[in-house]
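K.L.:
Input structure: data_24.csv, which contains CSV, C-alpha atoms.
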chain,number,residue,atom,x,y,z
Y,1,MET,CA,-18.4,13.8,-35.7
Y,2,GLN,CA,-21.8,13.1,-34.1
Y,3,ALA,CA,-20.9,9.4,-33.6
Y,4,ILE,CA,-17.6,10.4,-31.8
Y,5,VAL,CA,-19.4,12.9,-29.5
Y,6,LEU,CA,-22.1,10.4,-28.7
Y,7,ALA,CA,-19.6,7.7,-27.9
Y,8,GLU,CA,-17.7,10.1,-25.6
Y,9,VAL,CA,-20.8,11.1,-23.8
Y,10,VAL,CA,-21.9,7.4,-23.3
Y,11,TRP,CA,-18.4,6.6,-22.0
Y,12,ALA,CA,-18.6,9.5,-19.5
Y,13,PHE,CA,-22.0,8.4,-18.4
Y,14,LEU,CA,-20.9,4.8,-17.8
Y,15,ALA,CA,-17.9,6.0,-15.8
Y,16,LEU,CA,-20.2,8.1,-13.7
Y,17,LEU,CA,-22.4,5.1,-13.0
Y,18,PHE,CA,-19.4,2.9,-12.2
Y,19,PHE,CA,-18.0,5.4,-9.7
Y,20,LEU,CA,-21.4,6.1,-8.1
Y,21,LEU,CA,-22.2,2.4,-7.5
Y,22,PHE,CA,-18.8,1.1,-6.4
Y,23,SER,CA,-16.6,3.9,-5.2
Y,24,VAL,CA,-17.6,3.5,-1.6
Y,25,PRO,CA,-16.0,0.2,-0.2
Y,26,LEU,CA,-17.7,-2.0,2.4
Y,27,PRO,CA,-16.9,-1.1,6.1
Y,28,GLY,CA,-13.5,-2.6,7.0
Y,29,GLN,CA,-12.6,-3.7,3.5
Y,30,GLU,CA,-10.4,-2.3,0.8
Y,31,ARG,CA,-11.5,-1.6,-2.7
Y,32,PRO,CA,-11.4,-4.8,-4.8
Y,33,LEU,CA,-8.9,-5.3,-7.6
Y,34,TRP,CA,-11.6,-5.3,-10.3
Y,35,TYR,CA,-12.7,-1.8,-9.2
Y,36,SER,CA,-9.2,-0.4,-9.5
Y,37,LEU,CA,-8.8,-2.0,-12.9
Y,38,GLY,CA,-12.2,-0.6,-13.9
Y,39,THR,CA,-11.4,3.0,-13.0
Y,40,THR,CA,-8.1,2.6,-14.9
Y,41,VAL,CA,-9.8,1.4,-18.0
Y,42,PHE,CA,-12.3,4.2,-18.0
Y,43,GLU,CA,-9.5,6.7,-17.6
Y,44,VAL,CA,-6.9,5.4,-20.0
Y,45,VAL,CA,-9.5,4.8,-22.8
Y,46,ALA,CA,-10.7,8.4,-22.5
Y,47,TYR,CA,-7.2,9.8,-22.7
Y,48,PHE,CA,-6.1,7.5,-25.5
Y,49,ALA,CA,-9.1,8.5,-27.6
Y,50,ALA,CA,-8.4,12.2,-26.9
Y,51,THR,CA,-4.8,11.6,-28.0
Y,52,LEU,CA,-5.9,10.2,-31.3
Y,53,LEU,CA,-8.4,12.9,-31.9
Y,54,CYS,CA,-6.0,15.7,-31.0
Y,55,LEU,CA,-3.2,14.2,-33.2
Y,56,ARG,CA,-5.8,14.0,-36.1
Y,57,ASN,CA,-6.3,17.7,-35.8
Y,58,TRP,CA,-2.5,18.2,-35.9
Y,59,ARG,CA,-2.2,16.2,-39.1
Y,60,SER,CA,-5.1,18.1,-40.8
Y,61,PRO,CA,-4.1,21.2,-42.7
Y,62,GLN,CA,-7.7,22.5,-42.3
Y,63,ILE,CA,-7.5,23.3,-38.6
Y,64,VAL,CA,-8.1,27.0,-38.1
Y,65,SER,CA,-6.8,27.3,-34.5
Y,66,GLY,CA,-3.3,26.0,-35.5
Y,67,ARG,CA,-1.8,22.6,-35.8
Y,68,ASN,CA,0.9,23.2,-33.1
Y,69,VAL,CA,-1.9,23.9,-30.6
Y,70,TRP,CA,-3.3,20.4,-31.1
Y,71,LEU,CA,0.1,18.8,-31.3
Y,72,CYS,CA,0.8,20.1,-27.8
Y,73,ILE,CA,-2.6,19.1,-26.4
Y,74,GLY,CA,-2.3,15.7,-28.0
Y,75,MET,CA,1.1,15.1,-26.5
Y,76,GLY,CA,-0.2,16.1,-23.2
Y,77,MET,CA,-3.0,13.5,-23.5
Y,78,LEU,CA,-0.5,10.8,-24.6
Y,79,PHE,CA,1.8,11.5,-21.6
Y,80,TYR,CA,-1.2,11.4,-19.2
Y,81,PHE,CA,-2.2,8.0,-20.7
Y,82,LEU,CA,1.3,6.6,-20.2
Y,83,GLY,CA,1.5,8.0,-16.7
Y,84,SER,CA,-1.8,6.5,-15.7
Y,85,LEU,CA,-0.7,3.1,-16.8
Y,86,LEU,CA,2.5,3.3,-14.8
Y,87,PHE,CA,0.7,4.6,-11.7
Y,88,THR,CA,-1.8,1.8,-11.9
Y,89,TYR,CA,0.9,-0.8,-12.2
Y,90,TRP,CA,2.8,0.7,-9.2
Y,91,GLU,CA,-0.2,0.9,-6.9
Y,92,THR,CA,-2.4,-2.0,-8.0
Y,93,PHE,CA,0.0,-4.7,-9.1
Y,94,LEU,CA,3.0,-3.9,-7.0
Y,95,LYS,CA,0.9,-2.8,-4.0
Y,96,ARG,CA,3.2,0.1,-3.4
Y,97,ASN,CA,2.1,3.4,-1.8
Y,98,ALA,CA,5.2,5.4,-2.9
Y,99,ASP,CA,5.3,9.2,-2.6
Y,100,VAL,CA,6.8,9.5,-6.1
Y,101,SER,CA,6.4,6.8,-8.8
Y,102,PRO,CA,7.8,6.7,-12.4
Y,103,GLY,CA,4.3,7.8,-13.6
Y,104,ASP,CA,5.0,11.2,-12.2
Y,105,PHE,CA,7.6,11.9,-14.9
Y,106,PHE,CA,4.9,11.5,-17.5
Y,107,TYR,CA,2.5,13.7,-15.6
Y,108,ILE,CA,5.2,16.4,-15.5
Y,109,PHE,CA,5.3,16.5,-19.3
Y,110,THR,CA,1.5,16.4,-19.4
Y,111,TYR,CA,1.2,19.7,-17.7
Y,112,ILE,CA,4.0,21.3,-19.8
Y,113,PHE,CA,2.4,20.4,-23.1
Y,114,LEU,CA,-1.1,21.3,-22.0
Y,115,ILE,CA,-0.1,24.7,-20.7
Y,116,VAL,CA,2.0,25.5,-23.8
Y,117,GLY,CA,-0.9,24.3,-26.1
Y,118,MET,CA,-3.5,26.4,-24.3
Y,119,ILE,CA,-1.2,29.4,-24.3
Y,120,LEU,CA,-0.7,29.1,-28.0
Y,121,ALA,CA,-4.5,28.9,-28.4
Y,122,VAL,CA,-5.0,32.1,-26.4
Y,123,ALA,CA,-2.1,33.9,-28.3
Y,124,SER,CA,-3.7,33.1,-31.6
Y,125,ARG,CA,-6.6,35.4,-30.8
Y,126,ARG,CA,-6.7,39.0,-29.9
Y,127,LEU,CA,-7.6,39.3,-26.2
Y,128,ASN,CA,-10.1,42.1,-26.0
Y,129,LEU,CA,-11.5,41.3,-22.6
Y,130,GLU,CA,-13.5,43.9,-20.7
Y,131,ILE,CA,-12.7,45.0,-17.2
Y,132,TRP,CA,-15.3,42.7,-15.6
Y,133,GLN,CA,-13.9,39.7,-17.6
Y,134,TRP,CA,-10.4,40.4,-16.2
Y,135,GLY,CA,-12.1,40.7,-12.8
Y,136,VAL,CA,-13.6,37.2,-13.2
Y,137,VAL,CA,-10.2,35.8,-14.2
Y,138,GLY,CA,-8.7,37.4,-11.1
Y,139,VAL,CA,-11.4,36.1,-8.7
Y,140,ILE,CA,-11.2,32.5,-10.1
Y,141,ALA,CA,-7.4,32.6,-9.9
Y,142,ALA,CA,-7.5,33.8,-6.3
Y,143,ILE,CA,-10.1,31.1,-5.3
Y,144,GLY,CA,-8.0,28.4,-7.0
Y,145,ILE,CA,-4.8,29.5,-5.3
Y,146,VAL,CA,-6.5,29.6,-1.8
Y,147,ILE,CA,-8.1,26.1,-2.4
Y,148,ALA,CA,-4.8,24.7,-3.6
Y,149,TRP,CA,-2.8,26.1,-0.7
Y,150,PHE,CA,-5.3,24.9,1.9
Y,151,VAL,CA,-5.4,21.4,0.4
Y,152,SER,CA,-1.6,21.1,0.1
Y,153,TYR,CA,-0.5,22.9,3.2
Y,154,PRO,CA,-3.0,22.7,6.1
Y,155,ALA,CA,-3.4,26.0,8.0
Y,156,SER,CA,-2.3,24.5,11.3
Y,157,SER,CA,-1.6,21.2,12.9
Y,158,SER,CA,-4.6,21.6,15.2
Y,159,ALA,CA,-6.9,21.8,12.2
Y,160,GLN,CA,-5.4,18.7,10.7
Y,161,SER,CA,-5.7,16.8,14.0
Y,162,PHE,CA,-9.3,17.9,14.3
Y,163,LEU,CA,-10.0,16.5,10.8
Y,164,MET,CA,-8.1,13.3,11.5
Y,165,GLU,CA,-9.5,12.8,15.1
Y,166,PRO,CA,-12.7,10.8,14.0
Y,167,VAL,CA,-10.6,8.5,11.9
Y,168,ALA,CA,-8.1,7.9,14.7
Y,169,ALA,CA,-10.9,7.3,17.2
Y,170,GLN,CA,-12.4,4.5,15.0
Y,171,THR,CA,-9.1,2.8,14.2
Y,172,ALA,CA,-7.1,3.1,17.5
Y,173,PRO,CA,-7.7,0.3,20.0
Y,174,ALA,CA,-9.0,1.4,23.5
Y,175,LYS,CA,-6.2,0.3,25.8
Y,176,PRO,CA,-3.9,2.0,28.2
Y,177,THR,CA,-0.5,3.0,27.1
Y,178,ALA,CA,2.7,1.4,28.3
Y,179,LYS,CA,3.6,4.5,30.4
Y,180,SER,CA,0.2,4.5,32.2
Y,181,ALA,CA,0.4,0.7,32.9
Y,182,ALA,CA,3.9,1.1,34.4
Y,183,SER,CA,2.8,4.0,36.6
Y,184,LYS,CA,-0.2,2.0,37.9
Y,185,ALA,CA,2.1,-1.0,38.7
Y,186,SER,CA,4.6,1.2,40.5
Y,187,ALA,CA,1.7,2.9,42.4
Y,188,LYS,CA,0.6,-0.5,43.7
Y,189,ALA,CA,4.1,-1.6,44.6
Y,190,ALA,CA,4.9,1.6,46.5
Y,191,PRO,CA,3.4,0.8,49.9
Y,192,VAL,CA,4.9,-2.7,49.9
Y,193,ASN,CA,8.4,-1.4,49.7
Y,194,LYS,CA,8.0,0.2,53.1
Y,195,LEU,CA,7.4,-3.1,54.9
Y,196,LYS,CA,10.2,-5.4,55.8
Y,197,PRO,CA,9.0,-9.0,55.7
Y,198,ALA,CA,10.7,-11.4,58.1
Y,199,ALA,CA,13.5,-13.4,56.7
Y,200,ALA,CA,12.7,-17.1,56.1
Y,201,PRO,CA,14.5,-19.5,58.5
Y,202,VAL,CA,17.5,-21.3,57.0
Y,203,PRO,CA,16.8,-25.0,57.0
Y,204,SER,CA,19.3,-27.3,58.7
Y,205,PRO,CA,20.7,-30.4,57.1
Y,206,SER,CA,19.0,-32.7,59.6
Y,207,LYS,CA,15.6,-31.3,59.4
Y,208,PRO,CA,13.3,-31.0,56.4
Y,209,PRO,CA,12.8,-27.5,55.1
Y,210,VAL,CA,10.0,-25.6,56.7
Y,211,ALA,CA,7.8,-23.6,54.3
Y,212,ALA,CA,7.7,-19.9,54.8
Y,213,PRO,CA,4.4,-18.6,56.3
Y,214,ALA,CA,2.0,-17.1,53.8
Y,215,PRO,CA,2.1,-13.4,53.7
Y,216,THR,CA,-0.7,-11.5,55.4
Y,217,ALA,CA,-3.2,-9.3,53.6
Y,218,THR,CA,-1.1,-6.2,54.3
Y,219,GLU,CA,2.1,-8.0,53.1
Y,220,LYS,CA,0.9,-9.2,49.7
Y,221,LYS,CA,3.5,-9.0,47.1
Y,222,ALA,CA,2.8,-6.5,44.4
Y,223,PRO,CA,2.5,-7.9,40.9
Y,224,GLU,CA,5.7,-7.3,38.9
Y,225,PRO,CA,5.1,-5.2,35.7
Y,226,SER,CA,5.4,-7.2,32.5
Y,227,PRO,CA,8.2,-6.5,30.1
Y,228,ALA,CA,5.7,-5.0,27.7
Y,229,SER,CA,4.6,-2.4,30.3
Y,230,SER,CA,8.0,-1.6,31.7
Y,231,SER,CA,9.4,-0.4,28.3
Y,232,GLU,CA,8.0,1.7,25.5
Y,233,PRO,CA,6.6,-0.4,22.7
Y,234,ALA,CA,8.1,0.0,19.3
Y,235,PRO,CA,6.1,2.2,16.9
Y,236,VAL,CA,3.8,0.2,14.6
Y,237,THR,CA,4.5,0.9,11.0
Y,238,GLU,CA,2.4,-0.2,8.1
Y,239,GLN,CA,4.2,-3.0,6.3
Y,240,GLN,CA,4.0,-2.8,2.5
Y,241,PRO,CA,4.2,-6.0,0.5
Y,242,SER,CA,7.6,-7.1,-0.6
Y,243,ALA,CA,8.8,-5.8,-3.9
Y,244,PRO,CA,11.7,-6.4,-6.2
Y,245,GLU,CA,15.0,-4.8,-5.4
Y,246,TRP,CA,14.9,-2.4,-8.3
Y,247,VAL,CA,11.5,-1.1,-7.2
Y,248,LEU,CA,12.7,-0.4,-3.7
Y,249,SER,CA,15.9,1.3,-4.9
Y,250,LEU,CA,13.9,3.4,-7.4
Y,251,GLU,CA,11.4,4.6,-4.7
Y,252,THR,CA,14.3,5.5,-2.4
Y,253,MET,CA,15.9,7.5,-5.2
Y,254,LEU,CA,12.7,9.3,-6.1
Y,255,ALA,CA,11.5,10.0,-2.5
Y,256,PRO,CA,13.3,13.4,-2.1
Y,257,LEU,CA,11.3,14.8,-5.1
Y,258,LYS,CA,8.0,14.6,-3.2
Y,259,THR,CA,8.0,18.3,-2.0
Y,260,VAL,CA,9.2,19.6,-5.4
Y,261,LEU,CA,6.6,17.7,-7.4
Y,262,SER,CA,3.8,18.7,-4.9
Y,263,GLY,CA,4.6,22.3,-5.5
Y,264,TYR,CA,4.9,21.8,-9.2
Y,265,TYR,CA,1.5,20.2,-9.5
Y,266,ILE,CA,-0.2,23.0,-7.5
Y,267,VAL,CA,1.4,25.7,-9.7
Y,268,CYS,CA,0.4,23.9,-12.9
Y,269,ASP,CA,-3.2,23.3,-11.7
Y,270,VAL,CA,-3.6,27.0,-10.9
Y,271,LEU,CA,-2.1,28.0,-14.3
Y,272,LEU,CA,-4.4,25.6,-16.1
Y,273,LEU,CA,-7.4,27.1,-14.2
Y,274,ILE,CA,-6.4,30.6,-15.2
Y,275,ILE,CA,-5.7,29.8,-18.8
Y,276,ALA,CA,-9.0,27.8,-19.0
Y,277,THR,CA,-11.0,30.8,-17.7
Y,278,THR,CA,-9.2,33.1,-20.2
Y,279,LEU,CA,-10.0,30.7,-23.0
Y,280,LEU,CA,-13.6,30.5,-22.0
Y,281,LEU,CA,-13.9,34.3,-22.1
Y,282,ALA,CA,-11.8,34.8,-25.2
Y,283,PHE,CA,-13.7,32.3,-27.3
Y,284,TRP,CA,-17.1,33.2,-26.0
Y,285,GLY,CA,-19.6,33.8,-28.7
Y,286,GLY,CA,-17.3,33.0,-31.6
Y,287,ARG,CA,-17.6,30.5,-34.4
Y,288,PHE,CA,-15.3,28.1,-32.7
Y,289,ALA,CA,-16.5,28.8,-29.1
Y,290,GLN,CA,-18.2,25.4,-28.7
Y,291,SER,CA,-15.0,23.4,-29.1
Y,292,TRP,CA,-13.0,25.6,-26.8
Y,293,ARG,CA,-15.7,25.6,-24.2
Y,294,MET,CA,-15.2,21.9,-24.0
Y,295,ILE,CA,-11.4,22.4,-23.7
Y,296,ALA,CA,-11.9,24.9,-20.9
Y,297,ALA,CA,-14.3,22.4,-19.1
Y,298,ALA,CA,-11.7,19.7,-19.5
Y,299,ALA,CA,-9.1,21.9,-17.8
Y,300,PHE,CA,-11.6,22.6,-15.0
Y,301,SER,CA,-12.3,18.9,-14.5
Y,302,LEU,CA,-8.6,18.1,-14.4
Y,303,TYR,CA,-8.2,20.8,-11.7
Y,304,VAL,CA,-11.1,19.3,-9.6
Y,305,ALA,CA,-9.7,15.8,-9.8
Y,306,ASP,CA,-6.2,16.9,-8.9
Y,307,ILE,CA,-7.3,19.0,-6.0
Y,308,TRP,CA,-9.5,16.2,-4.6
Y,309,PHE,CA,-6.6,13.7,-4.9
Y,310,LYS,CA,-4.3,16.1,-3.1
Y,311,TYR,CA,-6.9,16.7,-0.4
Y,312,ALA,CA,-7.5,13.0,0.1
Y,313,THR,CA,-3.8,12.1,0.3
Y,314,THR,CA,-3.2,15.0,2.8
Y,315,TYR,CA,-6.2,14.6,5.2
Y,316,VAL,CA,-7.4,11.0,4.8
Y,317,LYS,CA,-5.2,8.3,6.4
Y,318,ASN,CA,-4.1,5.5,4.2
Y,319,TYR,CA,-6.1,6.8,1.3
Y,320,GLN,CA,-6.6,4.4,-1.6
Y,321,SER,CA,-7.2,5.9,-5.0
Y,322,GLY,CA,-10.6,5.4,-6.6
Y,323,GLY,CA,-12.7,8.0,-4.8
Y,324,PHE,CA,-15.8,9.3,-6.4
Y,325,LEU,CA,-14.4,12.7,-7.4
Y,326,GLU,CA,-11.7,11.0,-9.4
Y,327,VAL,CA,-14.3,10.5,-12.1
Y,328,PHE,CA,-13.4,14.1,-13.1
Y,329,TRP,CA,-10.2,12.7,-14.6
Y,330,VAL,CA,-12.4,10.6,-16.9
Y,331,PHE,CA,-14.5,13.7,-17.7
Y,332,SER,CA,-11.3,15.6,-18.5
Y,333,GLY,CA,-10.2,13.1,-21.1
Y,334,VAL,CA,-13.7,12.9,-22.6
Y,335,LEU,CA,-14.0,16.7,-22.8
Y,336,PHE,CA,-10.6,17.0,-24.5
Y,337,GLY,CA,-11.7,14.5,-27.0
Y,338,ILE,CA,-15.1,16.2,-27.7
Y,339,GLY,CA,-13.4,19.5,-28.1
Y,340,ALA,CA,-10.9,18.0,-30.6
Y,341,ALA,CA,-13.8,16.4,-32.6
Y,342,LEU,CA,-15.8,19.6,-32.6
Y,343,GLU,CA,-12.8,21.6,-33.8
Y,344,HIS,CA,-12.1,19.2,-36.6
Y,345,ASP,CA,-15.7,19.3,-37.8
Y,346,LEU,CA,-16.0,23.1,-37.6
Y,347,SER,CA,-12.7,23.6,-39.4
Y,348,SER,CA,-13.7,21.1,-42.2
Y,349,ARG,CA,-17.0,22.8,-42.7
Y,350,SER,CA,-15.5,26.2,-42.7
Y,351,ARG,CA,-12.9,25.2,-45.3
Y,352,SER,CA,-15.5,23.6,-47.5
Y,353,ARG,CA,-17.7,26.7,-47.4
Y,354,SER,CA,-14.8,29.0,-48.4
Y,355,SER,CA,-13.8,26.7,-51.3
Y,356,SER,CA,-17.3,26.6,-52.6
Y,357,ARG,CA,-17.5,30.4,-52.5
Y,358,ARG,CA,-14.3,30.6,-54.5
Y,359,ARG,CA,-15.7,28.3,-57.1
Y,360,ALA,CA,-18.9,30.3,-57.3
Y,361,SER,CA,-17.1,33.6,-57.7
Y,362,SER,CA,-14.8,32.2,-60.4
What does this structure look like when you write it as structure tokens?
P.N.:
Amino acid sequence: MQAIVLAEVVWAFLALLFFLLFSVPLPGQERPLWYSLGTTVFEVVAYFAATLLCLRNWRSPQIVSGRNVWLCIGMGMLFYFLGSLLFTYWETFLKRNADVSPGDFFYIFTYIFLIVGMILAVASRRLNLEIWQWGVVGVIAAIGIVIAWFVSYPASSSAQSFLMEPVAAQTAPAKPTAKSAASKASAKAAPVNKLKPAAAPVPSPSKPPVAAPAPTATEKKAPEPSPASSSEPAPVTEQQPSAPEWVLSLETMLAPLKTVLSGYYIVCDVLLLIIATTLLLAFWGGRFAQSWRMIAAAAFSLYVADIWFKYATTYVKNYQSGGFLEVFWVFSGVLFGIGAALEHDLSSRSRSRSSSRRRASS
């Protein structure tokens, strides 16, 4: 057990160093491919290890907290592992910034299994929380709801434009719009239209043509507006790399689910936050408190990473995954694995002690 916990801690520390050193790209450059692959490796290895450890608890008859609890948590870790692989393939290799990807379907089942497993863990214990403990649960739930609502649905468009104004000022080129250019050209041409220049003499067949006199300073011809300035330019849209036909058709089919999935993730994150707080208070001070503290911390880490990603995709223009706070996804997988290892060790020692006492009494 100690070797597993030490390996999990080292993995989390290496992930933290990796995100600290390379999460901020150079000015004007995107994050390199090796960085995106590195973040994926740290994440999927943590969740795959947590899947194995949780399913080991499910297969063990010695688990005190219930095998179904760890089956649900293990399935949640497995679906998150598969969803991360698909999300990375879609974003990194296909270079697609789709609102909904096939990985979201695995994330949906992740939250279902995690919530069911943590509810089963709470239901297995008698909740004798005091009034102040219920107050803590209520305050944390209210804070989580407010943060999730602010991140997902900005309070006003002016607030969002205020947050996006510095980014737009750095990226937008400083040049007049087509409308202002056309108005300037028409303003210069306005006084010329009032003058009637003399008609040029018609050349006769016997005489060579006489050149028309050069216009005076007051009769200079106004420059004609260019076609670009006389009409509104087409809006510039970000061109994504070409993709296979099945990818484009699948994105088109999944795009209407964006609003539904956004609300679903927010509700699930808040539920996980509430259940994690209840777990932390319910198992506080018990024999198996240490393992469930890790599970509660894993749920908190998952909430932090999800909220940051939602904030970044809402307020940051053309956000590319790999920000520093996404390291909490790695922390979540590591903490789920540590909690499962501690639960297995405590359950094994508890069973061995009870069996030795029976032998001594007999």
K.L.:
Tell me, in Å to one decimal, how far atom CA of Ile338 of chain Y is from atom CA of Ile307 of chain Y.
P.N.:
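Rounded to one decimal, the two atoms are 23.2 Å apart.
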K.L.:
Would you pick out the contacts of Ile119 of chain Y at 10 Å or less, using all atoms listed in the file, so that residues sharing its chain but fewer than 5 positions from it are not included, and give the list as a list in words?
P.N.:
Val69, Phe113, Leu114, Ser124, Leu272, Ile275, Ala276, Thr278 and Leu279 of chain Y
K.L.:
Give the answer as one residue: which of Y:Tyr315, Y:Trp90, Y:Tyr80, Y:Trp292 has the shortest atom-to-atom distance to Val151 of chain Y, using all atoms listed in the file?
P.N.:
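Among Y:Tyr315, Y:Trp90, Y:Tyr80, Y:Trp292, it is Y:Tyr315 that comes nearest to Val151 of chain Y.
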K.L.:
So how far away is atom CA of Pro256 of chain Y from atom CA of Tyr107 of chain Y, in Å?
P.N.:
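Separating atom CA of Tyr107 of chain Y from atom CA of Pro256 of chain Y is a distance of 17.3 Å.
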K.L.:
For segment 51-56 of chain Y, find every residue with an atom within 6 Å (counting only C-alpha atoms), except residues of its own chain fewer than 2 positions away, and show them as a PyMOL selection string.
P.N.:
chain Y and resi 48-49+58-59+70-71+74+77-78+340
K.L.:
So how far away is atom CA of Phe324 of chain Y from atom CA of Phe109 of chain Y, in Å?
P.N.:
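Those two atoms sit 25.8 Å apart.
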K.L.:
Measuring between all atoms listed in the file, which one of Y:Gly339, Y:Gly38, Y:Gly83, Y:Pro32 shows the shortest distance to Phe18 of chain Y?
P.N.:
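Distance minimum relative to Phe18 of chain Y lands on Y:Gly38.
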K.L.:
His344 of chain Y: which residues within 8 Å, counting all atoms listed in the file, same-chain residues fewer than 5 positions away excluded, as a count of residues only?
P.N.:
3
K.L.:
Would you mind listing, for every residue of segment 28-92 of chain Y within 12 Å of segment 11-15 of chain Y, the two atoms forming the shortest contact and the distance between them in Å to one decimal, using only C-alpha atoms, sorted by chain and ascending residue number, as a tab-separated table?
P.N.:
residue	atom	partner	partner_atom	distance
Y:Tyr35	CA	Y:Ala15	CA	11.5
Y:Gly38	CA	Y:Ala15	CA	8.9
Y:Thr39	CA	Y:Ala15	CA	7.7
Y:Thr40	CA	Y:Ala15	CA	10.4
Y:Val41	CA	Y:Ala15	CA	9.6
Y:Phe42	CA	Y:Ala15	CA	6.3
Y:Glu43	CA	Y:Ala15	CA	8.6
Y:Val44	CA	Y:Trp11	CA	11.7
Y:Val45	CA	Y:Trp11	CA	9.1
Y:Ala46	CA	Y:Trp11	CA	7.9
Y:Tyr47	CA	Y:Trp11	CA	11.7
Y:Ala49	CA	Y:Trp11	CA	11.0
K.L.:
I need the residue nearest Ile295 of chain Y from this list: Y:Ala50, Y:Val10, Y:Ala123, Y:Leu325. Use all atoms listed in the file for the distance.
P.N.:
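Smallest distance to Ile295 of chain Y is found for Y:Ala50.
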K.L.:
I'd like the contact shell of Trp132 of chain Y - 12 Å cut-off, only C-alpha atoms, skipping same-chain residues fewer than 6 positions apart - returned as a PyMOL selection string.
P.N.:
chain Y and resi 138-139+281
K.L.:
Find the residues near Thr259 of chain Y: any atom within 12 Å, counting all atoms listed in the file, skip ones fewer than 6 places away on the same chain, and give them as a ChimeraX atom specification.
P.N.:
/Y:99-100,152-153,265-266
K.L.:
Those same residues - C-alpha atoms - I'd like them written as a PDB file, in the coordinates of the input.
P.N.:
ATOM      1  CA  ASP Y  99       5.300   9.200  -2.600  1.00  0.00           C
ATOM      2  CA  VAL Y 100       6.800   9.500  -6.100  1.00  0.00           C
ATOM      3  CA  SER Y 152      -1.600  21.100   0.100  1.00  0.00           C
ATOM      4  CA  TYR Y 153      -0.500  22.900   3.200  1.00  0.00           C
ATOM      5  CA  TYR Y 265       1.500  20.200  -9.500  1.00  0.00           C
ATOM      6  CA  ILE Y 266      -0.200  23.000  -7.500  1.00  0.00           C
TER       7      ILE Y 266
END
K.L.:
Taking (5.8, 8.9, -13.9) in the file's coordinates, which residues come within 9 Å, counting all atoms listed in the file, written as a ChimeraX atom specification?
P.N.:
/Y:82-84,86-87,100-108
K.L.:
Between Y:Trp246, Y:Asp345, Y:Leu17, Y:Leu280, which one has atoms that come closest to Val137 of chain Y, using all atoms listed in the file?
P.N.:
Y:Leu280
K.L.:
Using all atoms listed in the file, which residue out of Y:Tyr264, Y:Trp134, Y:Phe309, Y:Phe336 lies closest to Thr277 of chain Y?
P.N.:
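Residue with the minimum atom-to-atom distance to Thr277 of chain Y: Y:Trp134.
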